[in-house]
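Participant: First, the structure itself, so that you have it in front of you.
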Amino acid sequence: MGVDLRQVVAGILTITMFVMLGQMLHRDYFDSLQEKDQGDAHDIEFEGSRVSVKDSLVGALEGSKGPWMDDNNDLNPCWPTLLSDEAVSSKGYVTFSLTNGPEYHISQLTDAVMVAKHLGATLVLPDIRGSKPGDETSFEDIYDADKLIKSLDNVIKVVKQLPEEVSLRDIAIVKVPTRVTEDYIKEHIEPIFKSKGNIRVATYFPSVNLRKSSQDGETDPVACLAMFGSLELQPELNAVVESMIERLKTHSRKSGGRFIAVDLRIEALEKKNCHSAGVVGSKTCYNAQEIAVFLRKIGFAGDTAIYLTQPRWDSSLNILKDIFPKTFTKEAVMPASKRSKYLESESSEYENVIDFYISSRSDVFVPAISGLFYANTVGKRIALGKPQVLVPAEISETSALATDYISPYISKKNHLAYSCFC
């Protein structure tokens, strides 16, 4: 029986179309995070879309080894020109705690600042609480308190401690949704504040999605300042992060001192039970072998330096080190004199914060797990002009372009951070 060449060509084109469609669906699946309560915030799935990079958002570095891209320093903070010069009043106090790691701290601080601003209240610096009972850390052990107070000086009054004359019994606990608005504060929080005089804010997370929404309107400049202009590491801890970054750059001389940070934590992968999400090339999370294959297929050389957020080395990571020998967890790149303080502490807060700030400042960030760590790391990177965030995927071809896997938060400019930078 003869073969109709036109039918063969049509069949090939049809198969190609379905493969391309599957890849597009995978990328669009990445950032559409399911609405979860705070306790379930990590039980979410990837979303993304195969994207083309437009308007010179990112560009490949010419003459470099590997698919590295330029930083983008074209964006500047919008909020300084939008903040009002109204006198700061002070009546009553707003207290709160930072919990669940640095990816939550940013949102919790922002919501507390918004509440204090719109109530005309004084904000009390928070303590930092870990996941275990009694696991508490002073704010000043991790963050720069003086920097925060000074940055908010013309917006709200901030004090380091609640005055002794204020009894904890006189403080009403108020739950507020993250990204709280002025209207919500006036309707739901102000009546309680007027009645009690002092409140304790507890942020909950109906969603960990940080995409801009057409329903949000313009982002409050106070929220922008709190989110991107107030929270910095205290000097000693910042110096540790700087030294670790320099050590990684030293291992990356063949790639111009550039390195990749991968958010890959074995415990989180086991909890999420990584599995196919029903979309071609899409999974809820990726293990070490899958990340290694992804990075090689998009063109990163075997001598590329990689930093992992995994707390300590695990045998399941060996396959990644086989392909990329310069793969490190934090104990391998932290100065020996600092390990006892920051790696042997009963609290995991130090390690979590170090991971977040190195992931924010690496040349490339790859989230093996979706969640608020991914979303807020992207926001921090947008603020720093570091747009190379690559969403992993199962690539059927032998190679692919890195630009096809840029996070939709960046390729579509739909992250909340783009409301604060212009």
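Chain labels follow the order of the structure tokens: the first chain is A, the next B, and so on; residue numbering restarts at 1 in every chain, and ligands are counted from 1 in their shown order.
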Among stretch 194-270 of chain A, which residues does DSSP mark as alpha helix (DSSP H) when it is run on the backbone? Keep the chain and numbering as in the structure and answer as a CSV table (one decimal) with N, CA, C and O atoms, in the first residue's frame.
Facilitator:
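File produced: part02.csv:
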```csv
chain,number,residue,atom,x,y,z
A,194,LYS,N,-10.4,50.8,68.3
A,194,LYS,CA,-11.0,51.8,69.1
A,194,LYS,C,-11.6,51.3,70.4
A,194,LYS,O,-11.6,52.1,71.4
A,195,SER,N,-12.0,50.1,70.4
A,195,SER,CA,-12.6,49.5,71.6
A,195,SER,C,-11.5,49.1,72.6
A,195,SER,O,-11.6,49.4,73.8
A,196,LYS,N,-10.5,48.5,72.1
A,196,LYS,CA,-9.4,47.9,73.0
A,196,LYS,C,-8.2,48.8,73.2
A,196,LYS,O,-7.5,48.8,74.2
A,221,PRO,N,1.6,52.6,48.5
A,221,PRO,CA,3.1,52.9,48.6
A,221,PRO,C,3.6,52.5,49.9
A,221,PRO,O,4.8,52.2,50.0
A,222,VAL,N,2.8,52.6,51.0
A,222,VAL,CA,3.3,52.1,52.3
A,222,VAL,C,3.6,50.6,52.3
A,222,VAL,O,4.6,50.2,52.8
A,223,ALA,N,2.8,49.9,51.6
A,223,ALA,CA,3.0,48.4,51.5
A,223,ALA,C,4.3,48.2,50.7
A,223,ALA,O,5.1,47.3,51.0
A,224,CYS,N,4.5,48.9,49.6
A,224,CYS,CA,5.7,48.8,48.8
A,224,CYS,C,7.0,49.1,49.7
A,224,CYS,O,8.0,48.4,49.6
A,225,LEU,N,6.9,50.2,50.5
A,225,LEU,CA,8.1,50.5,51.3
A,225,LEU,C,8.4,49.4,52.3
A,225,LEU,O,9.5,49.0,52.5
A,226,ALA,N,7.3,48.9,53.0
A,226,ALA,CA,7.5,47.9,54.0
A,226,ALA,C,8.0,46.6,53.3
A,226,ALA,O,8.9,45.9,53.9
A,227,MET,N,7.5,46.3,52.2
A,227,MET,CA,7.9,45.0,51.5
A,227,MET,C,9.3,45.0,50.9
A,227,MET,O,10.0,44.0,51.0
A,228,PHE,N,9.7,46.1,50.4
A,228,PHE,CA,11.0,46.2,49.6
A,228,PHE,C,12.0,47.2,50.1
A,228,PHE,O,13.1,47.2,49.7
A,235,PRO,N,24.0,43.4,60.5
A,235,PRO,CA,25.4,43.4,59.9
A,235,PRO,C,26.2,42.1,60.0
A,235,PRO,O,26.8,41.7,59.0
A,236,GLU,N,26.2,41.5,61.2
A,236,GLU,CA,27.0,40.2,61.3
A,236,GLU,C,26.5,39.1,60.4
A,236,GLU,O,27.2,38.5,59.7
A,237,LEU,N,25.1,38.9,60.4
A,237,LEU,CA,24.5,37.9,59.5
A,237,LEU,C,24.7,38.2,58.1
A,237,LEU,O,24.9,37.4,57.2
A,238,ASN,N,24.5,39.5,57.7
A,238,ASN,CA,24.7,39.9,56.3
A,238,ASN,C,26.2,39.6,55.9
A,238,ASN,O,26.4,39.2,54.7
A,239,ALA,N,27.1,39.8,56.8
A,239,ALA,CA,28.5,39.6,56.4
A,239,ALA,C,28.7,38.1,56.2
A,239,ALA,O,29.5,37.7,55.3
A,240,VAL,N,28.0,37.2,56.9
A,240,VAL,CA,28.1,35.8,56.7
A,240,VAL,C,27.6,35.4,55.3
A,240,VAL,O,28.2,34.6,54.5
A,241,VAL,N,26.4,36.0,54.9
A,241,VAL,CA,25.8,35.7,53.6
A,241,VAL,C,26.8,36.2,52.5
A,241,VAL,O,27.0,35.5,51.5
A,242,GLU,N,27.4,37.4,52.7
A,242,GLU,CA,28.3,37.9,51.7
A,242,GLU,C,29.5,37.0,51.5
A,242,GLU,O,30.0,36.8,50.4
A,243,SER,N,30.0,36.5,52.6
A,243,SER,CA,31.2,35.6,52.6
A,243,SER,C,30.9,34.3,51.8
A,243,SER,O,31.7,33.8,51.1
A,244,MET,N,29.7,33.8,52.1
A,244,MET,CA,29.2,32.6,51.4
A,244,MET,C,29.1,32.8,49.9
A,244,MET,O,29.4,32.0,49.1
A,245,ILE,N,28.5,33.9,49.5
A,245,ILE,CA,28.4,34.3,48.1
A,245,ILE,C,29.7,34.4,47.5
A,245,ILE,O,29.9,33.9,46.3
A,246,GLU,N,30.7,35.0,48.1
A,246,GLU,CA,32.0,35.2,47.6
A,246,GLU,C,32.7,33.8,47.4
A,246,GLU,O,33.4,33.6,46.4
A,247,ARG,N,32.4,32.9,48.4
A,247,ARG,CA,33.0,31.6,48.2
A,247,ARG,C,32.4,30.9,47.0
A,247,ARG,O,33.1,30.2,46.3
A,248,LEU,N,31.1,31.0,46.8
A,248,LEU,CA,30.5,30.4,45.6
A,248,LEU,C,31.0,31.0,44.3
A,248,LEU,O,31.2,30.3,43.3
A,249,LYS,N,31.2,32.3,44.3
A,249,LYS,CA,31.8,33.0,43.1
A,249,LYS,C,33.2,32.5,42.9
A,249,LYS,O,33.6,32.3,41.7
A,250,THR,N,34.0,32.2,43.9
A,250,THR,CA,35.3,31.7,43.7
A,250,THR,C,35.3,30.3,43.0
A,250,THR,O,36.1,30.0,42.2
A,266,ILE,N,15.0,18.1,50.8
A,266,ILE,CA,14.5,16.7,50.8
A,266,ILE,C,13.2,16.5,51.6
A,266,ILE,O,12.3,15.8,51.1
A,267,GLU,N,13.2,17.1,52.8
A,267,GLU,CA,12.0,16.9,53.6
A,267,GLU,C,10.8,17.4,53.0
A,267,GLU,O,9.7,16.8,53.0
A,268,ALA,N,10.9,18.6,52.3
A,268,ALA,CA,9.7,19.2,51.6
A,268,ALA,C,9.3,18.3,50.4
A,268,ALA,O,8.1,18.2,50.2
A,269,LEU,N,10.3,17.8,49.7
A,269,LEU,CA,10.0,16.9,48.6
A,269,LEU,C,9.2,15.7,49.0
A,269,LEU,O,8.2,15.2,48.4
A,270,GLU,N,9.6,15.1,50.2
A,270,GLU,CA,9.0,13.9,50.7
A,270,GLU,C,7.5,14.2,51.1
A,270,GLU,O,6.6,13.4,50.9
```
Participant: Per residue of stretch 289-353 of chain A within 8 Å of stretch 91-102 of chain A, what are the shortest atom pair and its distance in Å to one decimal, counting only C-alpha atoms, with rows by chain and residue number, as a Markdown table?
Facilitator:
```
| residue | atom | partner | partner_atom | distance |
| --- | --- | --- | --- | --- |
| A:Glu349 | CA | A:Gly101 | CA | 6.4 |
| A:Asn352 | CA | A:Gly101 | CA | 6.2 |
| A:Val353 | CA | A:Pro102 | CA | 5.7 |
```
Participant: Could you please determine the separation between atom CA of A:Leu119 and atom CA of A:Ala202 in Å, to one decimal place?
Facilitator: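 Result for atom CA of A:Leu119 versus atom CA of A:Ala202: 15.8 Å, one decimal.
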Participant: How many Å lie between atom CA of A:Val124 and atom CA of A:Thr178, rounded to one decimal?
Facilitator: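 We find that atom CA of A:Val124 and atom CA of A:Thr178 lie 18.7 Å from each other.
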Participant: Just the strand (DSSP E) stuff from stretch 175-362 of chain A, please, per backbone DSSP, written as JSON, numbers by chain.
Facilitator: {"A": [175, 176, 177, 198, 199, 200, 201, 202, 203, 204, 259, 260, 261, 262, 263, 305, 306, 307, 308, 327, 328]}
Participant: Which residue, A:Val364, A:Ile406, A:Ile291, A:Ala121, has the smallest gap to A:Glu394 when you use only C-alpha atoms?
Facilitator: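 Of the candidates, the smallest distance to A:Glu394 is held by A:Ile291.
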Participant: Using only C-alpha atoms, pick whichever of A:Val180, A:Ala172, A:Val113, A:Leu125 has the shortest atom-to-atom distance to A:Phe205.
Facilitator: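 Residue with the minimum atom-to-atom distance to A:Phe205: A:Val180.
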Participant: Pick from A:Asn287, A:Ser345, A:Ser315, A:Ser255: nearest to A:Gly302, with only C-alpha atoms counted?
Facilitator: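 That would be A:Ser255, the residue with the smallest distance to A:Gly302.
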Participant: My list of candidates is A:Tyr104, A:Trp68, A:Tyr357, A:Trp79. Which is closest to A:Pro387 when distances are computed with only C-alpha atoms?
Facilitator: A:Trp68
